[in-house]
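**Student:** Below is a structure I'd like to ask you about.
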Amino acid sequence: MDSADNQAALEAVLKDEIIRMYEEVAEHPEGEFHFFHGRDAAERFGYDAEWLDEAPAGAVASFAGVGNPHERSNLQTGETVLDLGSGAGLDAIVAARFVGPMGRVIGVDLNPSMCIKAQAHAAATGTTMECHEGRMEEIPLPDSTADVVISNGVINLSFRKRKVVEEMFRVLKPGGRISITDIVSAKQLSQSIVNDPKLWAA
Amino acid sequence: MFGLLEDAGFQRVKSAVVPGFRFRQQSTQNSAEAYGVKAVMMTAEKPAED
């Protein structure tokens, strides 16, 4: 097996582990995880109490972001927003508040059941959200779709970050912008971490 | 990540550390600090067409 085959195999295992972990957060938010999640985490990162009060409890409890991409997204009425790795939908729901009914909110998530959950959460707030199952390395959208791409703690999960960034560039309209929060490392992670899907996904 | 954004063609790339981010378990936090792991916010723009 060559290195490309090895990476593909590892990516497949990682995909399963990511789906498993985030489903666990969504289904059992009371559980213990490596990261803070739910309302405590959102408040820690400066989400307005009003946003959290108005969002469905399930969307808030499943929040597993690492920051607040809305802090500098400067979303405007009528804009199209793509939430890359939309999970249970909290960031998409917050984005919908800013872009309003003339705007468009699109989610992309690896897990189709998470898309269904996010759309249900958005509908419960009276907003509409499209959600597409797909990988962030091959975003299932045409070129120049979005005014803004937001993302919260998911790009670090990819083995192919360069491809993810190129895809964000592709789907943005000219003059569009990104506002993302994510985990970065100052040092190369050890091979034992890179090769362990559970640690990588955490 | 900063370099990847610039390589892809993004302009006005900016980043800032997310205050308040930490891992729940102290042992994980200690390992993260050893590797310089932190949460960052990044903003950037795709150039407008001429």
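To be explicit about the labels: the chains of the structure tokens are called A, B, and onward in the order shown, and within each one the residues are counted from 1, while ligands get numbers from 1 in the order they are shown.
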Taking only C-alpha atoms into account, report as a PDB file with N, CA and C atoms, in the first residue's frame which residues of chain B lie within 7 Å of chain A.
**Tutor:**
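Output (out37.pdb):
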ATOM      1  N   LEU B   4      -1.531  28.940   4.246  1.00  0.00           N
ATOM      2  CA  LEU B   4      -2.417  28.260   3.291  1.00  0.00           C
ATOM      3  C   LEU B   4      -3.437  29.238   2.714  1.00  0.00           C
ATOM      4  N   LEU B   5      -3.942  30.124   3.559  1.00  0.00           N
ATOM      5  CA  LEU B   5      -4.919  31.115   3.089  1.00  0.00           C
ATOM      6  C   LEU B   5      -4.285  32.048   2.064  1.00  0.00           C
ATOM      7  N   ALA B   8      -3.694  30.315  -1.268  1.00  0.00           N
ATOM      8  CA  ALA B   8      -4.920  30.096  -2.046  1.00  0.00           C
ATOM      9  C   ALA B   8      -5.376  31.373  -2.748  1.00  0.00           C
ATOM     10  N   VAL B  18      -8.070  33.022  20.260  1.00  0.00           N
ATOM     11  CA  VAL B  18      -9.382  33.013  20.920  1.00  0.00           C
ATOM     12  C   VAL B  18      -9.167  32.969  22.429  1.00  0.00           C
ATOM     13  N   GLY B  20      -9.925  32.323  26.190  1.00  0.00           N
ATOM     14  CA  GLY B  20     -10.856  31.442  26.906  1.00  0.00           C
ATOM     15  C   GLY B  20     -10.897  30.019  26.411  1.00  0.00           C
ATOM     16  N   PHE B  21     -10.206  29.743  25.296  1.00  0.00           N
ATOM     17  CA  PHE B  21     -10.246  28.350  24.837  1.00  0.00           C
ATOM     18  C   PHE B  21      -9.300  27.506  25.680  1.00  0.00           C
ATOM     19  N   PHE B  23      -8.870  23.005  26.870  1.00  0.00           N
ATOM     20  CA  PHE B  23      -9.455  21.673  26.914  1.00  0.00           C
ATOM     21  C   PHE B  23      -9.996  21.411  28.316  1.00  0.00           C
ATOM     22  N   ARG B  24     -11.005  20.576  28.375  1.00  0.00           N
ATOM     23  CA  ARG B  24     -11.669  20.323  29.646  1.00  0.00           C
ATOM     24  C   ARG B  24     -10.744  19.623  30.642  1.00  0.00           C
ATOM     25  N   GLN B  25     -10.033  18.615  30.138  1.00  0.00           N
ATOM     26  CA  GLN B  25      -9.188  17.831  31.044  1.00  0.00           C
ATOM     27  C   GLN B  25      -7.790  18.458  31.129  1.00  0.00           C
ATOM     28  N   TYR B  35       2.516  21.297  22.725  1.00  0.00           N
ATOM     29  CA  TYR B  35       2.584  21.367  21.263  1.00  0.00           C
ATOM     30  C   TYR B  35       2.229  22.764  20.729  1.00  0.00           C
ATOM     31  N   GLY B  36       1.989  23.695  21.631  1.00  0.00           N
ATOM     32  CA  GLY B  36       1.622  25.037  21.174  1.00  0.00           C
ATOM     33  C   GLY B  36       0.254  25.073  20.526  1.00  0.00           C
ATOM     34  N   VAL B  37      -0.631  24.205  20.973  1.00  0.00           N
ATOM     35  CA  VAL B  37      -1.982  24.153  20.405  1.00  0.00           C
ATOM     36  C   VAL B  37      -2.824  25.298  20.972  1.00  0.00           C
ATOM     37  N   LYS B  38      -3.492  26.014  20.099  1.00  0.00           N
ATOM     38  CA  LYS B  38      -4.367  27.095  20.550  1.00  0.00           C
ATOM     39  C   LYS B  38      -5.505  27.273  19.555  1.00  0.00           C
ATOM     40  N   ALA B  39      -6.531  27.942  20.008  1.00  0.00           N
ATOM     41  CA  ALA B  39      -7.639  28.272  19.110  1.00  0.00           C
ATOM     42  C   ALA B  39      -7.416  29.671  18.564  1.00  0.00           C
ATOM     43  N   VAL B  40      -7.653  29.839  17.290  1.00  0.00           N
ATOM     44  CA  VAL B  40      -7.469  31.153  16.666  1.00  0.00           C
ATOM     45  C   VAL B  40      -8.700  31.517  15.840  1.00  0.00           C
ATOM     46  N   MET B  41      -8.905  32.815  15.727  1.00  0.00           N
ATOM     47  CA  MET B  41      -9.915  33.331  14.800  1.00  0.00           C
ATOM     48  C   MET B  41      -9.184  33.882  13.590  1.00  0.00           C
ATOM     49  N   MET B  42      -9.646  33.523  12.413  1.00  0.00           N
ATOM     50  CA  MET B  42      -9.011  34.018  11.187  1.00  0.00           C
ATOM     51  C   MET B  42     -10.054  34.647  10.279  1.00  0.00           C
ATOM     52  N   THR B  43      -9.699  35.784   9.737  1.00  0.00           N
ATOM     53  CA  THR B  43     -10.544  36.416   8.724  1.00  0.00           C
ATOM     54  C   THR B  43      -9.683  36.681   7.499  1.00  0.00           C
ATOM     55  N   ALA B  44     -10.309  36.663   6.336  1.00  0.00           N
ATOM     56  CA  ALA B  44      -9.586  36.916   5.088  1.00  0.00           C
ATOM     57  C   ALA B  44     -10.607  37.236   4.012  1.00  0.00           C
ATOM     58  N   GLU B  45     -10.132  37.812   2.929  1.00  0.00           N
ATOM     59  CA  GLU B  45     -11.034  38.209   1.839  1.00  0.00           C
ATOM     60  C   GLU B  45     -10.564  37.622   0.520  1.00  0.00           C
ATOM     61  N   LYS B  46     -11.517  37.229  -0.301  1.00  0.00           N
ATOM     62  CA  LYS B  46     -11.217  36.850  -1.683  1.00  0.00           C
ATOM     63  C   LYS B  46     -11.213  38.143  -2.511  1.00  0.00           C
ATOM     64  N   PRO B  47     -10.193  38.365  -3.297  1.00  0.00           N
ATOM     65  CA  PRO B  47     -10.147  39.627  -4.059  1.00  0.00           C
ATOM     66  C   PRO B  47     -11.377  39.800  -4.944  1.00  0.00           C
ATOM     67  N   ALA B  48     -11.820  41.018  -5.054  1.00  0.00           N
ATOM     68  CA  ALA B  48     -12.911  41.316  -5.990  1.00  0.00           C
ATOM     69  C   ALA B  48     -12.368  41.261  -7.410  1.00  0.00           C
ATOM     70  N   GLU B  49     -13.231  40.930  -8.344  1.00  0.00           N
ATOM     71  CA  GLU B  49     -12.793  40.905  -9.737  1.00  0.00           C
ATOM     72  C   GLU B  49     -12.552  42.324 -10.225  1.00  0.00           C
TER      73      GLU B  49
END
**Student:** Do a neighbour search on Met102 (chain A) at 9 Å with only C-alpha atoms, toss out local chain neighbours closer than 4 positions, and write the hits as a list in words.
**Tutor:**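 What passes the distance filter is Thr77, Gly78 and Glu79 of chain A.
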**Student:** Restrict the selected residues to C-alpha atoms and save them as a compact mmCIF listing (two decimals), in the first residue's frame.
**Tutor:**
# COMPACT_ATOMS: atom_id res chain seq x y z
CA THR A 77 -28.94 41.42 5.49
CA GLY A 78 -29.43 39.44 2.29
CA GLU A 79 -26.01 37.77 2.23
**Student:** I need the residues in chain A that are alpha helix (DSSP H) according to DSSP; give them as a PyMOL selection string.
**Tutor:** chain A and resi 3-27+38-44+49-54+57-61+90-99+112-124+161-171+191-194+197-201
**Student:** Please determine, counting only C-alpha atoms, which residue among A:Arg160, A:His28, A:Arg104, A:Arg97 has the shortest atom-to-atom distance to Met1 (chain B).
**Tutor:**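 Checking each candidate against Met1 (chain B), we get A:Arg160 as the closest.
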